[in-house]
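Trainee: Structure file input-v2.cif, mmCIF, C-alpha atoms, is pasted below:
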data_data
loop_
_atom_site.label_atom_id
_atom_site.label_comp_id
_atom_site.auth_asym_id
_atom_site.auth_seq_id
_atom_site.Cartn_x
_atom_site.Cartn_y
_atom_site.Cartn_z
CA MET A 1 82.74 107.49 96.52
CA THR A 2 83.10 107.81 100.29
CA LEU A 3 85.86 105.84 101.97
CA SER A 4 84.85 103.27 104.59
CA TYR A 5 85.43 104.79 108.00
CA ASP A 6 84.76 104.69 111.75
CA GLU A 7 84.10 107.72 113.92
CA ALA A 8 84.20 108.20 117.69
CA GLY A 9 84.34 110.99 120.25
CA GLU A 10 83.71 114.71 120.23
CA GLY A 11 86.06 117.66 120.05
CA ALA A 12 88.87 118.76 117.76
CA PRO A 13 88.88 116.43 114.71
CA VAL A 14 91.70 113.96 114.06
CA VAL A 15 91.90 111.74 110.95
CA LEU A 16 94.00 108.56 111.12
CA LEU A 17 95.57 107.32 107.86
CA HIS A 18 96.92 103.78 107.71
CA SER A 19 100.06 102.22 106.27
CA SER A 20 99.86 100.31 102.98
CA VAL A 21 100.80 97.22 105.01
CA CYS A 22 97.58 97.53 107.02
CA ASP A 23 94.11 99.08 107.00
CA ARG A 24 92.19 101.20 109.49
CA GLY A 25 92.32 98.33 111.98
CA MET A 26 95.93 99.24 112.76
CA TRP A 27 94.63 102.20 114.79
CA ASP A 28 92.51 100.26 117.31
CA ALA A 29 94.41 101.53 120.36
CA GLN A 30 94.89 105.12 119.17
CA PHE A 31 91.28 105.39 117.94
CA GLN A 32 89.96 104.75 121.43
CA ALA A 33 92.65 106.73 123.27
CA LEU A 34 92.28 109.89 121.19
CA ALA A 35 88.49 109.79 121.49
CA ALA A 36 88.84 109.45 125.26
CA ALA A 37 91.22 112.43 125.25
CA GLY A 38 88.55 114.70 123.78
CA HIS A 39 88.89 114.38 120.02
CA ARG A 40 86.47 113.60 117.24
CA VAL A 41 88.42 110.73 115.68
CA VAL A 42 87.94 109.39 112.16
CA ARG A 43 89.85 106.42 110.77
CA CYS A 44 89.34 105.35 107.16
CA ASP A 45 90.33 102.63 104.71
CA LEU A 46 92.08 103.96 101.62
CA ARG A 47 91.10 102.47 98.26
CA GLY A 48 91.88 98.78 97.96
CA TYR A 49 92.28 98.29 101.71
CA GLY A 50 89.96 97.02 104.42
CA ALA A 51 86.35 97.62 103.42
CA THR A 52 87.02 100.20 100.68
CA PRO A 53 87.06 98.73 97.15
CA VAL A 54 89.60 99.62 94.49
CA ALA A 55 88.93 102.64 92.30
CA ASP A 56 87.15 102.60 88.95
CA ARG A 57 88.36 106.03 87.88
CA PRO A 58 91.41 108.28 88.43
CA TYR A 59 91.86 109.54 91.97
CA THR A 60 94.35 110.56 94.62
CA ASP A 61 94.32 109.35 98.21
CA ALA A 62 94.87 112.89 99.47
CA GLY A 63 91.82 114.01 97.49
CA ASP A 64 89.82 111.13 98.94
CA VAL A 65 90.77 112.13 102.49
CA LEU A 66 89.79 115.76 101.93
CA GLY A 67 86.57 114.55 100.30
CA LEU A 68 85.79 112.40 103.34
CA MET A 69 86.32 115.44 105.56
CA ASP A 70 83.86 117.34 103.36
CA ALA A 71 81.29 114.53 103.61
CA LEU A 72 81.58 114.53 107.41
CA GLY A 73 81.36 118.31 107.70
CA ILE A 74 84.94 118.61 108.97
CA GLU A 75 86.45 121.91 107.87
CA GLN A 76 89.80 121.39 109.60
CA ALA A 77 91.51 118.38 111.18
CA ALA A 78 94.82 117.10 112.44
CA LEU A 79 96.12 114.29 110.24
CA VAL A 80 97.99 111.32 111.72
CA GLY A 81 99.59 109.08 109.10
CA SER A 82 101.59 105.86 109.26
CA SER A 83 104.06 105.10 106.45
CA PHE A 84 102.14 105.54 103.18
CA GLY A 85 99.40 107.24 105.20
CA GLY A 86 102.00 109.75 106.33
CA ARG A 87 102.81 110.54 102.71
CA VAL A 88 99.09 110.96 102.00
CA ALA A 89 98.83 113.33 104.97
CA LEU A 90 101.73 115.43 103.66
CA LEU A 91 100.15 115.64 100.21
CA ALA A 92 96.80 116.65 101.73
CA ALA A 93 98.60 119.39 103.66
CA ASP A 94 100.27 120.54 100.45
CA ASP A 95 96.93 120.57 98.63
CA SER A 96 94.95 122.37 101.35
CA PRO A 97 97.28 123.70 104.07
CA GLN A 98 94.51 125.74 105.71
CA ARG A 99 92.51 122.56 106.42
CA VAL A 100 95.24 120.69 108.32
CA THR A 101 95.73 121.88 111.90
CA ALA A 102 98.62 119.51 112.69
CA LEU A 103 100.56 116.61 111.17
CA ALA A 104 101.85 113.56 113.02
CA LEU A 105 103.90 111.36 110.69
CA LEU A 106 104.84 107.89 111.92
CA CYS A 107 107.63 106.58 109.69
CA ALA A 108 106.18 108.36 106.66
CA ALA A 109 106.99 107.14 103.17
CA PRO A 110 109.66 109.19 101.38
CA LEU A 111 108.78 112.08 99.11
CA PRO A 112 110.44 112.65 95.69
CA GLY A 113 114.14 113.42 95.64
CA GLN A 114 115.31 110.65 97.95
CA GLU A 115 117.27 107.74 96.51
CA GLN A 116 116.03 104.26 97.37
CA SER A 117 118.25 102.13 99.60
CA ALA A 118 119.53 98.70 98.60
CA GLU A 119 117.55 97.22 101.50
CA LEU A 120 114.23 98.61 100.26
CA ALA A 121 114.99 97.64 96.66
CA ALA A 122 115.67 94.07 97.77
CA PHE A 123 112.41 93.97 99.72
CA ASP A 124 110.44 95.30 96.74
CA ALA A 125 111.97 92.71 94.43
CA ARG A 126 111.23 89.84 96.82
CA GLU A 127 107.65 91.01 97.40
CA ASP A 128 107.03 91.39 93.66
CA ALA A 129 108.37 87.89 93.00
CA LEU A 130 106.10 86.32 95.64
CA ILE A 131 103.03 88.16 94.38
CA GLU A 132 103.82 87.26 90.77
CA ALA A 133 104.10 83.62 91.85
CA GLY A 134 100.70 83.86 93.51
CA ASP A 135 102.02 83.22 97.02
CA LEU A 136 100.18 86.08 98.69
CA ALA A 137 100.45 84.54 102.17
CA ALA A 138 104.24 84.46 101.87
CA ALA A 139 104.26 88.04 100.60
CA ALA A 140 102.22 89.07 103.64
CA ALA A 141 104.61 87.18 105.93
CA LEU A 142 107.53 89.00 104.32
CA ASN A 143 105.86 92.31 105.19
CA VAL A 144 105.36 91.24 108.79
CA ALA A 145 109.02 90.27 109.11
CA THR A 146 110.22 93.49 107.45
CA TRP A 147 108.05 96.14 109.01
CA LEU A 148 107.41 95.16 112.62
CA GLY A 149 110.11 95.89 115.18
CA PRO A 150 111.27 93.61 118.00
CA ASP A 151 108.68 94.90 120.50
CA ALA A 152 105.69 93.76 118.42
CA ASP A 153 103.82 90.88 120.03
CA GLU A 154 102.21 87.91 118.24
CA ALA A 155 98.80 89.59 118.21
CA ALA A 156 100.26 92.56 116.31
CA ARG A 157 102.08 90.25 113.88
CA ASP A 158 98.92 88.24 113.24
CA ALA A 159 96.91 91.42 112.69
CA VAL A 160 99.39 92.85 110.17
CA HIS A 161 99.50 89.54 108.30
CA ARG A 162 95.70 89.45 108.10
CA MET A 163 95.35 93.07 106.96
CA GLN A 164 98.14 92.85 104.39
CA LEU A 165 96.89 89.53 102.99
CA HIS A 166 93.38 90.95 102.60
CA ALA A 167 94.74 93.96 100.69
CA PHE A 168 96.78 91.71 98.40
CA GLU A 169 93.72 89.55 97.71
CA VAL A 170 91.48 92.53 96.94
CA GLN A 171 94.02 94.17 94.67
CA LYS A 172 94.95 90.93 92.89
CA ALA A 173 91.27 90.14 92.24
CA ALA A 174 90.82 93.59 90.72
CA GLU A 175 93.81 93.08 88.45
CA LYS A 176 92.39 89.76 87.26
CA ALA A 177 89.02 91.37 86.56
CA VAL A 178 90.74 93.96 84.37
CA SER A 179 92.55 91.25 82.41
CA ALA A 180 89.56 88.93 82.04
CA GLU A 181 86.65 91.34 81.73
CA GLY A 182 88.11 94.73 80.95
CA ALA A 183 86.72 96.02 84.23
CA PRO A 184 87.61 99.61 85.11
CA TYR A 185 90.39 99.62 87.69
CA VAL A 186 92.85 102.25 88.83
CA LEU A 187 95.07 101.13 91.70
CA SER A 188 97.36 104.10 92.01
CA GLY A 189 96.63 107.75 91.45
CA ASN A 190 99.30 109.10 93.77
CA SER A 191 102.43 109.67 91.72
CA VAL A 192 104.26 112.88 92.61
CA ALA A 193 106.93 113.95 90.15
CA GLU A 194 108.37 116.85 92.13
CA LEU A 195 108.91 117.66 95.77
CA PRO A 196 106.00 119.84 96.98
CA ASP A 197 106.62 123.28 98.42
CA PHE A 198 105.40 123.18 102.03
CA SER A 199 106.36 126.76 102.88
CA ALA A 200 102.69 127.74 103.25
CA PHE A 201 102.05 125.03 105.83
CA GLU A 202 102.65 126.61 109.25
CA SER A 203 100.85 124.15 111.53
CA PRO A 204 102.88 121.94 113.91
CA CYS A 205 104.33 118.71 112.56
CA LEU A 206 105.91 115.78 114.39
CA ALA A 207 107.93 113.39 112.21
CA VAL A 208 108.66 110.10 113.99
CA SER A 209 111.16 107.46 112.91
CA GLY A 210 112.16 104.09 114.34
CA ALA A 211 115.72 102.97 114.96
CA TYR A 212 114.88 99.47 113.66
CA ASP A 213 113.23 100.74 110.46
CA LEU A 214 114.77 100.67 106.98
CA PRO A 215 117.07 103.65 106.30
CA ASP A 216 114.73 105.17 103.69
CA PHE A 217 112.09 105.98 106.30
CA ARG A 218 114.57 107.19 108.90
CA ARG A 219 116.06 109.59 106.35
CA ALA A 220 112.59 110.71 105.26
CA ALA A 221 111.63 111.63 108.83
CA ALA A 222 114.89 113.46 109.47
CA ARG A 223 114.29 115.43 106.27
CA VAL A 224 110.88 116.80 107.33
CA PRO A 225 112.12 119.71 109.54
CA GLY A 226 113.95 121.07 106.50
CA LEU A 227 110.76 120.98 104.43
CA LEU A 228 108.09 122.27 106.84
CA PRO A 229 108.53 125.51 108.82
CA ASN A 230 107.13 124.21 112.14
CA ALA A 231 108.29 120.58 112.21
CA ARG A 232 110.44 118.51 114.53
CA HIS A 233 111.88 115.01 114.24
CA LEU A 234 111.80 112.34 116.94
CA GLU A 235 113.51 108.96 116.61
CA LEU A 236 112.26 106.16 118.84
CA PRO A 237 115.16 103.86 119.81
CA TRP A 238 112.88 100.83 120.27
CA ALA A 239 110.67 101.16 117.17
CA GLY A 240 110.46 99.49 113.80
CA HIS A 241 108.25 100.76 111.00
CA LEU A 242 104.86 100.44 112.73
CA PRO A 243 105.37 101.84 116.24
CA GLY A 244 101.64 102.32 116.79
CA MET A 245 101.23 98.54 116.73
CA GLU A 246 104.51 97.74 118.49
CA ARG A 247 103.91 99.83 121.63
CA PRO A 248 100.28 101.00 121.24
CA ALA A 249 99.93 102.70 124.64
CA GLU A 250 103.19 104.62 124.24
CA ILE A 251 102.25 105.92 120.80
CA SER A 252 98.74 106.80 121.99
CA ALA A 253 100.29 108.91 124.76
CA LEU A 254 102.76 110.50 122.33
CA LEU A 255 100.00 111.49 119.91
CA THR A 256 97.71 112.74 122.68
CA GLY A 257 100.46 114.96 124.06
CA PHE A 258 101.50 116.27 120.64
CA LEU A 259 97.94 117.14 119.64
CA ALA A 260 97.31 118.86 122.97
CA GLY A 261 100.41 120.98 122.44
CA ALA A 262 99.46 121.71 118.83
CA ALA A 263 96.10 123.07 119.99
CA ARG A 264 97.66 125.65 122.35
CA PRO A 265 98.12 129.19 121.06
CA ALA A 266 101.65 130.17 120.13
CA GLY A 267 103.62 131.12 123.21
CA ALA A 268 101.31 129.34 125.64
CA SER A 269 102.94 127.01 128.13
CA ALA A 270 101.89 123.48 128.95
CA VAL A 271 99.95 122.93 132.15
#
Starting from the file, lay out its structure as C-alpha cells.
Mentor:
Amino acid sequence: MTLSYDEAGEGAPVVLLHSSVCDRGMWDAQFQALAAAGHRVVRCDLRGYGATPVADRPYTDAGDVLGLMDALGIEQAALVGSSFGGRVALLAADDSPQRVTALALLCAAPLPGQEQSAELAAFDAREDALIEAGDLAAAAALNVATWLGPDADEAARDAVHRMQLHAFEVQKAAEKAVSAEGAPYVLSGNSVAELPDFSAFESPCLAVSGAYDLPDFRRAAARVPGLLPNARHLELPWAGHLPGMERPAEISALLTGFLAGAARPAGASAV
C-alpha cells in the first residue's frame, strides 16, 4: 500500500513526516517554502492519519516511508520529522543509513532507554480516559492545550484540533470494526525494544527542542548528539512541541538553511 502524499518542486528530495497529533497538513508552510527553495518535497500521511487508512497487516512506519521513496523513484532524501515523525525518521535512518542524506528532528519522540516523566504519564492517562469515554473532541482539545506553545495562533489550534480529531475517529472506527466484524486491523507496528546503533549514520542531523515542551522531548533532543556522529542540538526558547505550526516562517527558514548547509561538501563554507 502506498501512503497518501503530496509532491511539489524539483531538486534534492525532502520527505516531511508528521506528528501523531496531526497529519501531513501540518506542513503547509514548510511544504511550499522548501519547494520554492529548490527541493523536491514529499509530505505523506502515515497509517491511520489524514487520507491514509489503518493497516490490515503488520507494518512499520519507517518501512512505509522507505517504500514510498521507492515508489516515487527517490533513492536518497533528507527526512524532516515532527514528534512521532521524528522517531520514524530516526528509525528509517537506522534501517537504511545510506538513503538518508540529512535528518531534521523537531521535538522528536524519545527512543528506548529514556524514562517517562510524570507530566507525560499524566497526559497519557487523561487522554486514554477521554477516549475510553468516547469524548474524542475533548481528547483532541487536550492535545491542542498540551502540545502547542504560546506563540500558536487560533488558526493553528483549530487545525491541530481538526487533524487530531480526524485521526481519533479513523482509529476508533477501525477498532470497532475489529470488535464487531473481526476486520483485520493493525494500528501499531513500531515497537522498538532496544536503542538502535546509529554509528553508521554520518549525514548531518539537527535535533530541535522547545523550551515550552514537556521534559521528555527536550531530553530526547539533547540526547541525539550523543547517539549520532554528526548531530547538533538546538533549543528554541519560544517553542512548544509543534514549532512548525507555532512560527511557520521561522521554522521554514531554519529548515531551508539547515538543508542548504547539509548539501555542501565537508569543509565548504557558506556563501
Trainee: Please enumerate the residues selected by the PyMOL selection byres ((chain A and resi 157) around 9) when evaluated against the supplied file, formatted as a VMD selection string.
Mentor: chain A and resid 141 144 to 145 148 152 to 156 158 to 162 245
Trainee: Return the single residue from A:Asp56, A:Asp128, A:Asp45, A:Asp6 that is closest to Gln32 in chain A, with distances computed using all atoms listed in the file.
Mentor: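 Once distances to Gln32 in chain A are computed over all atoms listed in the file, the minimum belongs to A:Asp6.
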Trainee: Evaluated on this file, the PyMOL selection byres ((chain A and resi 34) around 9) picks out some residues - which ones are they, written as a count of residues only?
Mentor: 19
Trainee: To one decimal in Å, tell me the separation between CA of Ala138 in chain A and CA of Cys44 in chain A.
Mentor: 26.2 Å
Trainee: Selection in question (the file shown): the PyMOL selection byres ((chain A and resi 91-101) around 10). Which residues does it include, as a PyMOL selection string?
Mentor: chain A and resi 12-15+60-66+69+74-79+85-90+102-103+111+190+192+196-205+259+262-263
Trainee: Selected residues, C-alpha atoms, written as a JSON list (two decimals), keeping the file's coordinate frame, please.
Mentor:
[["chain", "number", "residue", "atom", "x", "y", "z"],
["A", 12, "ALA", "CA", 88.87, 118.76, 117.76],
["A", 13, "PRO", "CA", 88.88, 116.43, 114.71],
["A", 14, "VAL", "CA", 91.70, 113.96, 114.06],
["A", 15, "VAL", "CA", 91.90, 111.74, 110.95],
["A", 60, "THR", "CA", 94.35, 110.56, 94.62],
["A", 61, "ASP", "CA", 94.32, 109.35, 98.21],
["A", 62, "ALA", "CA", 94.87, 112.89, 99.47],
["A", 63, "GLY", "CA", 91.82, 114.01, 97.49],
["A", 64, "ASP", "CA", 89.82, 111.13, 98.94],
["A", 65, "VAL", "CA", 90.77, 112.13, 102.49],
["A", 66, "LEU", "CA", 89.79, 115.76, 101.93],
["A", 69, "MET", "CA", 86.32, 115.44, 105.56],
["A", 74, "ILE", "CA", 84.94, 118.61, 108.97],
["A", 75, "GLU", "CA", 86.45, 121.91, 107.87],
["A", 76, "GLN", "CA", 89.80, 121.39, 109.60],
["A", 77, "ALA", "CA", 91.51, 118.38, 111.18],
["A", 78, "ALA", "CA", 94.82, 117.10, 112.44],
["A", 79, "LEU", "CA", 96.12, 114.29, 110.24],
["A", 85, "GLY", "CA", 99.40, 107.24, 105.20],
["A", 86, "GLY", "CA", 102.00, 109.75, 106.33],
["A", 87, "ARG", "CA", 102.81, 110.54, 102.71],
["A", 88, "VAL", "CA", 99.09, 110.96, 102.00],
["A", 89, "ALA", "CA", 98.83, 113.33, 104.97],
["A", 90, "LEU", "CA", 101.73, 115.43, 103.66],
["A", 102, "ALA", "CA", 98.62, 119.51, 112.69],
["A", 103, "LEU", "CA", 100.56, 116.61, 111.17],
["A", 111, "LEU", "CA", 108.78, 112.08, 99.11],
["A", 190, "ASN", "CA", 99.30, 109.10, 93.77],
["A", 192, "VAL", "CA", 104.26, 112.88, 92.61],
["A", 196, "PRO", "CA", 106.00, 119.84, 96.98],
["A", 197, "ASP", "CA", 106.62, 123.28, 98.42],
["A", 198, "PHE", "CA", 105.40, 123.18, 102.03],
["A", 199, "SER", "CA", 106.36, 126.76, 102.88],
["A", 200, "ALA", "CA", 102.69, 127.74, 103.25],
["A", 201, "PHE", "CA", 102.05, 125.03, 105.83],
["A", 202, "GLU", "CA", 102.65, 126.61, 109.25],
["A", 203, "SER", "CA", 100.85, 124.15, 111.53],
["A", 204, "PRO", "CA", 102.88, 121.94, 113.91],
["A", 205, "CYS", "CA", 104.33, 118.71, 112.56],
["A", 259, "LEU", "CA", 97.94, 117.14, 119.64],
["A", 262, "ALA", "CA", 99.46, 121.71, 118.83],
["A", 263, "ALA", "CA", 96.10, 123.07, 119.99]]
Trainee: To one decimal place, how far is CA of Ala239 in chain A from CA of His166 in chain A in Å?
Mentor: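 Separating CA of Ala239 in chain A from CA of His166 in chain A is a distance of 24.8 Å.
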Trainee: Every residue with an atom at most 10 Å from (115.5, 95.8, 102.4) (file coordinates; all atoms listed in the file) is what I'm after, so could you write them as a PDB file with C-alpha atoms, keeping the file's coordinate frame?
Mentor:
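That gives us result-v4.pdb:
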ATOM      1  CA  GLN A 116     116.030 104.260  97.370  1.00  0.00           C
ATOM      2  CA  SER A 117     118.250 102.130  99.600  1.00  0.00           C
ATOM      3  CA  ALA A 118     119.530  98.700  98.600  1.00  0.00           C
ATOM      4  CA  GLU A 119     117.550  97.220 101.500  1.00  0.00           C
ATOM      5  CA  LEU A 120     114.230  98.610 100.260  1.00  0.00           C
ATOM      6  CA  ALA A 121     114.990  97.640  96.660  1.00  0.00           C
ATOM      7  CA  ALA A 122     115.670  94.070  97.770  1.00  0.00           C
ATOM      8  CA  PHE A 123     112.410  93.970  99.720  1.00  0.00           C
ATOM      9  CA  ASP A 124     110.440  95.300  96.740  1.00  0.00           C
ATOM     10  CA  ALA A 125     111.970  92.710  94.430  1.00  0.00           C
ATOM     11  CA  ARG A 126     111.230  89.840  96.820  1.00  0.00           C
ATOM     12  CA  THR A 146     110.220  93.490 107.450  1.00  0.00           C
ATOM     13  CA  TRP A 147     108.050  96.140 109.010  1.00  0.00           C
ATOM     14  CA  ASP A 213     113.230 100.740 110.460  1.00  0.00           C
ATOM     15  CA  LEU A 214     114.770 100.670 106.980  1.00  0.00           C
ATOM     16  CA  PRO A 215     117.070 103.650 106.300  1.00  0.00           C
ATOM     17  CA  ASP A 216     114.730 105.170 103.690  1.00  0.00           C
TER      18      ASP A 216
END
Trainee: From the list A:Lys176, A:Glu115, A:Leu195, A:Gly50, which residue is nearest Gly134 in chain A when using only C-alpha atoms?
Mentor: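 Once distances to Gly134 in chain A are computed over only C-alpha atoms, the minimum belongs to A:Lys176.
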Trainee: Hey, which of A:Gly226, A:Gly81, A:Pro112, A:Gly257 ends up closest to Cys22 in chain A? Count only C-alpha atoms.
Mentor: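 With only C-alpha atoms as the atom set, the closest residue is A:Gly81.
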Trainee: Select all residues near (93.8, 99.7, 109.5) (cut-off 10 Å, inclusive, file coordinates), counting all atoms listed in the file, and output them as a CSV table (one decimal) with C-alpha atoms, in the frame of the given file.
Mentor:
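Ended up saving to point.csv:
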chain,number,residue,atom,x,y,z
A,5,TYR,CA,85.4,104.8,108.0
A,16,LEU,CA,94.0,108.6,111.1
A,17,LEU,CA,95.6,107.3,107.9
A,18,HIS,CA,96.9,103.8,107.7
A,19,SER,CA,100.1,102.2,106.3
A,20,SER,CA,99.9,100.3,103.0
A,21,VAL,CA,100.8,97.2,105.0
A,22,CYS,CA,97.6,97.5,107.0
A,23,ASP,CA,94.1,99.1,107.0
A,24,ARG,CA,92.2,101.2,109.5
A,25,GLY,CA,92.3,98.3,112.0
A,26,MET,CA,95.9,99.2,112.8
A,27,TRP,CA,94.6,102.2,114.8
A,28,ASP,CA,92.5,100.3,117.3
A,43,ARG,CA,89.8,106.4,110.8
A,44,CYS,CA,89.3,105.4,107.2
A,45,ASP,CA,90.3,102.6,104.7
A,46,LEU,CA,92.1,104.0,101.6
A,49,TYR,CA,92.3,98.3,101.7
A,50,GLY,CA,90.0,97.0,104.4
A,51,ALA,CA,86.4,97.6,103.4
A,82,SER,CA,101.6,105.9,109.3
A,159,ALA,CA,96.9,91.4,112.7
A,160,VAL,CA,99.4,92.8,110.2
A,163,MET,CA,95.4,93.1,107.0
A,164,GLN,CA,98.1,92.8,104.4
Trainee: Could you check the closest approach to Glu194 in chain A for each of A:Pro225, A:Gln171, A:Pro53, A:Gly113 and tell me which residue wins, using all atoms listed in the file?
Mentor: A:Gly113
Trainee: For CA of Leu130 in chain A and CA of Glu169 in chain A, quote the distance in Å rounded to one decimal.
Mentor: 13.0 Å
Trainee: Point out the residue among A:Ala139, A:Val42, A:Leu206, A:Leu242 with the least atom-to-atom distance to Ser83 in chain A, counting all atoms listed in the file.
Mentor: A:Leu242
Trainee: For Leu234 in chain A, list every protein, DNA or RNA residue within 10 Å, evaluated using only C-alpha atoms, and leave out those in the same chain fewer than 2 positions away; present the list as a PDB file with C-alpha atoms, in the coordinates of the input.
Mentor:
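out_18.pdb written:
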ATOM      1  CA  LEU A 106     104.840 107.890 111.920  1.00  0.00           C
ATOM      2  CA  LEU A 206     105.910 115.780 114.390  1.00  0.00           C
ATOM      3  CA  ALA A 207     107.930 113.390 112.210  1.00  0.00           C
ATOM      4  CA  VAL A 208     108.660 110.100 113.990  1.00  0.00           C
ATOM      5  CA  SER A 209     111.160 107.460 112.910  1.00  0.00           C
ATOM      6  CA  GLY A 210     112.160 104.090 114.340  1.00  0.00           C
ATOM      7  CA  ARG A 218     114.570 107.190 108.900  1.00  0.00           C
ATOM      8  CA  ALA A 221     111.630 111.630 108.830  1.00  0.00           C
ATOM      9  CA  ALA A 222     114.890 113.460 109.470  1.00  0.00           C
ATOM     10  CA  ARG A 232     110.440 118.510 114.530  1.00  0.00           C
ATOM     11  CA  LEU A 236     112.260 106.160 118.840  1.00  0.00           C
ATOM     12  CA  PRO A 237     115.160 103.860 119.810  1.00  0.00           C
TER      13      PRO A 237
END
Trainee: Please determine, counting all atoms listed in the file, which residue among A:Thr2, A:Leu72, A:Arg223, A:Ala108 has the shortest atom-to-atom distance to Ala55 in chain A.
Mentor: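 For Ala55 in chain A, the nearest of the given residues is A:Thr2.
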